[in-house]
Structure formats: structure tokens, C-alpha cells
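So this block is entry_19.pdb, PDB, N, CA and C atoms:
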MODEL        1
ATOM      1  N   MET A   1      26.191   0.739  19.494
ATOM      2  CA  MET A   1      25.044   0.071  18.915
ATOM      3  C   MET A   1      24.374   1.006  17.912
ATOM      4  N   GLN A   2      24.091   0.500  16.718
ATOM      5  CA  GLN A   2      23.519   1.311  15.659
ATOM      6  C   GLN A   2      22.008   1.115  15.605
ATOM      7  N   LYS A   3      21.285   2.216  15.442
ATOM      8  CA  LYS A   3      19.830   2.136  15.352
ATOM      9  C   LYS A   3      19.425   1.601  13.988
ATOM     10  N   SER A   4      18.329   0.870  13.955
ATOM     11  CA  SER A   4      17.829   0.355  12.678
ATOM     12  C   SER A   4      17.205   1.498  11.880
ATOM     13  N   ASP A   5      16.986   1.254  10.589
ATOM     14  CA  ASP A   5      16.401   2.280   9.731
ATOM     15  C   ASP A   5      15.015   2.686  10.201
ATOM     16  N   CYS A   6      14.242   1.741  10.714
ATOM     17  CA  CYS A   6      12.888   2.049  11.167
ATOM     18  C   CYS A   6      12.925   2.997  12.367
ATOM     19  N   GLU A   7      13.933   2.878  13.206
ATOM     20  CA  GLU A   7      14.055   3.772  14.348
ATOM     21  C   GLU A   7      14.534   5.154  13.916
ATOM     22  N   LEU A   8      15.283   5.227  12.831
ATOM     23  CA  LEU A   8      15.799   6.507  12.364
ATOM     24  C   LEU A   8      14.745   7.321  11.620
ATOM     25  N   VAL A   9      13.812   6.630  10.975
ATOM     26  CA  VAL A   9      12.786   7.301  10.192
ATOM     27  C   VAL A   9      11.440   7.043  10.844
ATOM     28  N   ARG A  10      10.695   8.090  11.044
ATOM     29  CA  ARG A  10       9.369   7.937  11.631
ATOM     30  C   ARG A  10       8.404   7.543  10.526
ATOM     31  N   CYS A  11       7.844   6.357  10.622
ATOM     32  CA  CYS A  11       6.917   5.847   9.620
ATOM     33  C   CYS A  11       5.507   5.895  10.190
ATOM     34  N   LEU A  12       4.598   6.516   9.449
ATOM     35  CA  LEU A  12       3.218   6.605   9.895
ATOM     36  C   LEU A  12       2.353   5.606   9.152
ATOM     37  N   CYS A  13       1.404   5.051   9.864
ATOM     38  CA  CYS A  13       0.446   4.122   9.281
ATOM     39  C   CYS A  13      -0.387   4.882   8.248
ATOM     40  N   PRO A  14      -0.497   4.367   7.020
ATOM     41  CA  PRO A  14      -1.263   5.072   5.993
ATOM     42  C   PRO A  14      -2.765   5.089   6.284
ATOM     43  N   GLU A  15      -3.213   4.261   7.193
ATOM     44  CA  GLU A  15      -4.642   4.181   7.508
ATOM     45  C   GLU A  15      -5.047   5.154   8.609
ATOM     46  N   CYS A  16      -4.357   5.112   9.745
ATOM     47  CA  CYS A  16      -4.771   5.921  10.902
ATOM     48  C   CYS A  16      -3.754   6.995  11.301
ATOM     49  N   ARG A  17      -2.605   7.010  10.646
ATOM     50  CA  ARG A  17      -1.540   8.002  10.869
ATOM     51  C   ARG A  17      -0.817   7.850  12.206
ATOM     52  N   LYS A  18      -0.987   6.721  12.898
ATOM     53  CA  LYS A  18      -0.206   6.446  14.110
ATOM     54  C   LYS A  18       1.158   5.925  13.681
ATOM     55  N   ASP A  19       2.095   5.846  14.620
ATOM     56  CA  ASP A  19       3.412   5.284  14.311
ATOM     57  C   ASP A  19       3.255   3.829  13.891
ATOM     58  N   SER A  20       3.934   3.461  12.809
ATOM     59  CA  SER A  20       3.849   2.079  12.338
ATOM     60  C   SER A  20       4.708   1.172  13.215
ATOM     61  N   VAL A  21       4.391  -0.111  13.167
ATOM     62  CA  VAL A  21       5.096  -1.127  13.933
ATOM     63  C   VAL A  21       5.749  -2.062  12.935
ATOM     64  N   SER A  22       6.999  -2.419  13.169
ATOM     65  CA  SER A  22       7.732  -3.210  12.179
ATOM     66  C   SER A  22       7.049  -4.533  11.847
ATOM     67  N   ALA A  23       6.345  -5.133  12.785
ATOM     68  CA  ALA A  23       5.674  -6.409  12.522
ATOM     69  C   ALA A  23       4.545  -6.272  11.502
ATOM     70  N   PHE A  24       3.979  -5.077  11.377
ATOM     71  CA  PHE A  24       2.856  -4.844  10.460
ATOM     72  C   PHE A  24       3.192  -3.810   9.395
ATOM     73  N   TYR A  25       4.458  -3.469   9.237
ATOM     74  CA  TYR A  25       4.896  -2.393   8.350
ATOM     75  C   TYR A  25       4.223  -2.469   6.992
ATOM     76  N   PRO A  26       3.711  -1.397   6.450
ATOM     77  CA  PRO A  26       3.779  -0.014   6.920
ATOM     78  C   PRO A  26       2.634   0.371   7.845
ATOM     79  N   PHE A  27       1.878  -0.595   8.326
ATOM     80  CA  PHE A  27       0.724  -0.311   9.179
ATOM     81  C   PHE A  27       1.100  -0.402  10.649
ATOM     82  N   CYS A  28       0.163   0.014  11.513
ATOM     83  CA  CYS A  28       0.430  -0.017  12.952
ATOM     84  C   CYS A  28      -0.158  -1.251  13.616
ATOM     85  N   SER A  29      -1.083  -1.926  12.933
ATOM     86  CA  SER A  29      -1.751  -3.072  13.546
ATOM     87  C   SER A  29      -2.370  -3.970  12.481
ATOM     88  N   THR A  30      -2.819  -5.131  12.923
ATOM     89  CA  THR A  30      -3.524  -6.046  12.027
ATOM     90  C   THR A  30      -4.811  -5.399  11.536
ATOM     91  N   ARG A  31      -5.458  -4.642  12.400
ATOM     92  CA  ARG A  31      -6.708  -3.972  12.035
ATOM     93  C   ARG A  31      -6.513  -3.054  10.841
ATOM     94  N   CYS A  32      -5.526  -2.182  10.890
ATOM     95  CA  CYS A  32      -5.280  -1.244   9.788
ATOM     96  C   CYS A  32      -4.854  -1.981   8.520
ATOM     97  N   ARG A  33      -4.059  -3.014   8.676
ATOM     98  CA  ARG A  33      -3.641  -3.807   7.519
ATOM     99  C   ARG A  33      -4.849  -4.476   6.864
ATOM    100  N   SER A  34      -5.774  -4.986   7.676
ATOM    101  CA  SER A  34      -6.979  -5.640   7.154
ATOM    102  C   SER A  34      -7.922  -4.655   6.479
ATOM    103  N   ILE A  35      -8.041  -3.460   7.016
ATOM    104  CA  ILE A  35      -8.876  -2.428   6.397
ATOM    105  C   ILE A  35      -8.351  -2.103   5.008
ATOM    106  N   ASP A  36      -7.051  -1.948   4.882
ATOM    107  CA  ASP A  36      -6.450  -1.636   3.586
ATOM    108  C   ASP A  36      -6.655  -2.786   2.595
ATOM    109  N   LEU A  37      -6.436  -4.010   3.031
ATOM    110  CA  LEU A  37      -6.636  -5.168   2.161
ATOM    111  C   LEU A  37      -8.089  -5.253   1.706
ATOM    112  N   SER A  38      -9.003  -4.995   2.610
ATOM    113  CA  SER A  38     -10.427  -5.019   2.274
ATOM    114  C   SER A  38     -10.762  -3.995   1.195
ATOM    115  N   ARG A  39     -10.151  -2.819   1.268
ATOM    116  CA  ARG A  39     -10.385  -1.799   0.231
ATOM    117  C   ARG A  39      -9.887  -2.269  -1.130
ATOM    118  N   TRP A  40      -8.711  -2.906  -1.162
ATOM    119  CA  TRP A  40      -8.184  -3.421  -2.428
ATOM    120  C   TRP A  40      -9.101  -4.501  -2.990
ATOM    121  N   LEU A  41      -9.564  -5.405  -2.145
ATOM    122  CA  LEU A  41     -10.377  -6.524  -2.610
ATOM    123  C   LEU A  41     -11.789  -6.119  -3.017
ATOM    124  N   SER A  42     -12.284  -5.008  -2.480
ATOM    125  CA  SER A  42     -13.638  -4.557  -2.822
ATOM    126  C   SER A  42     -13.621  -3.424  -3.848
ATOM    127  N   ASP A  43     -12.501  -3.275  -4.551
ATOM    128  CA  ASP A  43     -12.335  -2.233  -5.577
ATOM    129  C   ASP A  43     -12.455  -0.816  -5.018
ATOM    130  N   GLY A  44     -12.081  -0.642  -3.759
ATOM    131  CA  GLY A  44     -12.072   0.687  -3.159
ATOM    132  C   GLY A  44     -10.938   1.542  -3.699
ATOM    133  N   TYR A  45      -9.883   0.889  -4.159
ATOM    134  CA  TYR A  45      -8.770   1.585  -4.791
ATOM    135  C   TYR A  45      -8.806   1.266  -6.275
ATOM    136  N   VAL A  46      -8.481   2.245  -7.091
ATOM    137  CA  VAL A  46      -8.492   2.050  -8.539
ATOM    138  C   VAL A  46      -7.200   2.605  -9.110
ATOM    139  N   ILE A  47      -6.581   1.852  -9.994
ATOM    140  CA  ILE A  47      -5.405   2.331 -10.711
ATOM    141  C   ILE A  47      -5.897   2.803 -12.070
ATOM    142  N   VAL A  48      -5.784   4.095 -12.308
ATOM    143  CA  VAL A  48      -6.334   4.705 -13.513
ATOM    144  C   VAL A  48      -5.301   4.678 -14.633
ATOM    145  N   ARG A  49      -5.746   4.299 -15.810
ATOM    146  CA  ARG A  49      -4.877   4.330 -16.990
ATOM    147  C   ARG A  49      -5.045   5.667 -17.697
ATOM    148  N   THR A  50      -3.950   6.195 -18.189
ATOM    149  CA  THR A  50      -4.029   7.391 -19.017
ATOM    150  C   THR A  50      -4.217   6.963 -20.460
ATOM    151  N   GLU A  51      -4.487   7.913 -21.333
ATOM    152  CA  GLU A  51      -4.669   7.583 -22.742
ATOM    153  C   GLU A  51      -3.419   6.930 -23.323
ATOM    154  N   ASN A  52      -2.250   7.344 -22.887
ATOM    155  CA  ASN A  52      -0.993   6.769 -23.380
ATOM    156  C   ASN A  52      -0.828   5.323 -22.935
ATOM    157  N   GLU A  53      -1.457   4.951 -21.838
ATOM    158  CA  GLU A  53      -1.329   3.599 -21.315
ATOM    159  C   GLU A  53      -2.466   2.681 -21.772
ATOM    160  N   ALA A  54      -3.393   3.226 -22.547
ATOM    161  CA  ALA A  54      -4.520   2.412 -23.018
ATOM    162  C   ALA A  54      -3.979   1.214 -23.786
ATOM    163  N   PHE A  55      -4.549   0.060 -23.529
ATOM    164  CA  PHE A  55      -4.012  -1.155 -24.135
ATOM    165  C   PHE A  55      -4.585  -1.393 -25.525
ATOM    166  N   ASN A  56      -3.813  -2.098 -26.302
ATOM    167  CA  ASN A  56      -4.202  -2.489 -27.646
ATOM    168  C   ASN A  56      -4.653  -3.943 -27.572
ATOM    169  N   LYS A  57      -5.869  -4.238 -28.011
ATOM    170  CA  LYS A  57      -6.411  -5.593 -27.898
ATOM    171  C   LYS A  57      -5.539  -6.614 -28.613
ATOM    172  N   GLU A  58      -4.955  -6.261 -29.745
ATOM    173  CA  GLU A  58      -4.100  -7.191 -30.483
ATOM    174  C   GLU A  58      -2.855  -7.553 -29.678
ATOM    175  N   GLU A  59      -2.283  -6.596 -28.964
ATOM    176  CA  GLU A  59      -1.097  -6.861 -28.152
ATOM    177  C   GLU A  59      -1.443  -7.749 -26.963
ATOM    178  N   ASP A  60      -2.630  -7.567 -26.371
ATOM    179  CA  ASP A  60      -3.022  -8.357 -25.210
ATOM    180  C   ASP A  60      -3.326  -9.806 -25.570
ATOM    181  N   ILE A  61      -3.778 -10.053 -26.787
ATOM    182  CA  ILE A  61      -4.130 -11.405 -27.207
ATOM    183  C   ILE A  61      -2.882 -12.250 -27.426
ATOM    184  N   SER A  62      -1.847 -11.685 -27.993
ATOM    185  CA  SER A  62      -0.646 -12.464 -28.325
ATOM    186  C   SER A  62       0.253 -12.692 -27.153
TER     187      SER A  62
ENDMDL
END
Whole structure, C-alpha cells version:
Amino acid sequence: MQKSDCELVRCLCPECRKDSVSAFYPFCSTRCRSIDLSRWLSDGYVIVRTENEAFNKEEDIS
């Protein structure tokens, strides 16, 4: 019997650092998954643009 990839690699929950559970991957529980989603929805996480990635208004319009 071959072990699954999740059993071969120890995956930690990015929220609380406990072992993750495949049903909530990469989180360990619904609670940790909800905390992370809440941060995304409340602008707790920000994706920063560099000067090279700054958008051109003319390109965005077309």
C-alpha cells in the first residue's frame, strides 16, 4: 500500500502552524480557513505592485 502525498509531506496550517487536515487543506480546520478568508475580504492582505508592474491607464481601458 502506497502512502498519499499528504502523508509523505508534513503540511502545516498557515494560520496556527498545526498539522493540516486534507479536508481543509492547507488549513487544519474550518476556523483557520475562515480567519484567512476574513483577512482577504477585509483587506488584511495586500498584493503590492512594483514600479515595473504599474499599470498604464490606456492599456486598462482597451
Selection near region 12-19 of chain A, 6.5 Å with only N, CA and C atoms, sequence-local residues under 6 positions removed, as a ChimeraX atom specification: /A:26-28,32
Would you work out the distance separating CA of Val21 (chain A) from CA of Val9 (chain A), expressed in Å to one decimal?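 A separation of 12.0 Å between them.
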Edge lengths and centre in Å to one decimal, as JSON, of the axis-aligned box that encloses all listed atoms of region 24-31 of chain A with 6 Å added on every side?
{"center_x": -0.9, "center_y": -2.8, "center_z": 10.0, "size_x": 23.6, "size_y": 18.4, "size_z": 19.2}
What separation in Å, quoted to one decimal, exists between CA of Ser29 (chain A) and CA of Tyr45 (chain A)?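 Here the two named atoms are 20.2 Å from each other.
Across the structure, CA of Ser34 (chain A) and CA of Val48 (chain A) are spaced 23.1 Å apart.
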Only N, CA and C atoms, as a compact mmCIF listing (two decimals), in the first residue's frame: that is what I want for region 27-40 of chain A.
# COMPACT_ATOMS: atom_id res chain seq x y z
N PHE A 27 -5.32 24.30 5.50
CA PHE A 27 -5.60 24.65 6.89
C PHE A 27 -5.89 23.40 7.71
N CYS A 28 -5.99 23.59 9.03
CA CYS A 28 -6.25 22.45 9.91
C CYS A 28 -7.72 22.35 10.29
N SER A 29 -8.48 23.43 10.08
CA SER A 29 -9.88 23.43 10.50
C SER A 29 -10.66 24.50 9.75
N THR A 30 -11.97 24.45 9.91
CA THR A 30 -12.84 25.48 9.34
C THR A 30 -12.52 26.83 9.96
N ARG A 31 -12.21 26.83 11.24
CA ARG A 31 -11.89 28.07 11.95
C ARG A 31 -10.71 28.78 11.30
N CYS A 32 -9.61 28.09 11.08
CA CYS A 32 -8.43 28.70 10.48
C CYS A 32 -8.70 29.13 9.04
N ARG A 33 -9.45 28.34 8.31
CA ARG A 33 -9.80 28.70 6.94
C ARG A 33 -10.64 29.97 6.92
N SER A 34 -11.57 30.10 7.86
CA SER A 34 -12.43 31.28 7.94
C SER A 34 -11.66 32.53 8.36
N ILE A 35 -10.71 32.38 9.25
CA ILE A 35 -9.87 33.51 9.66
C ILE A 35 -9.10 34.04 8.47
N ASP A 36 -8.53 33.16 7.68
CA ASP A 36 -7.77 33.57 6.50
C ASP A 36 -8.68 34.26 5.48
N LEU A 37 -9.84 33.70 5.22
CA LEU A 37 -10.78 34.31 4.28
C LEU A 37 -11.20 35.69 4.76
N SER A 38 -11.44 35.82 6.04
CA SER A 38 -11.82 37.11 6.62
C SER A 38 -10.74 38.16 6.40
N ARG A 39 -9.48 37.76 6.53
CA ARG A 39 -8.38 38.71 6.28
C ARG A 39 -8.36 39.17 4.83
N TRP A 40 -8.58 38.24 3.89
CA TRP A 40 -8.62 38.62 2.48
C TRP A 40 -9.77 39.58 2.21
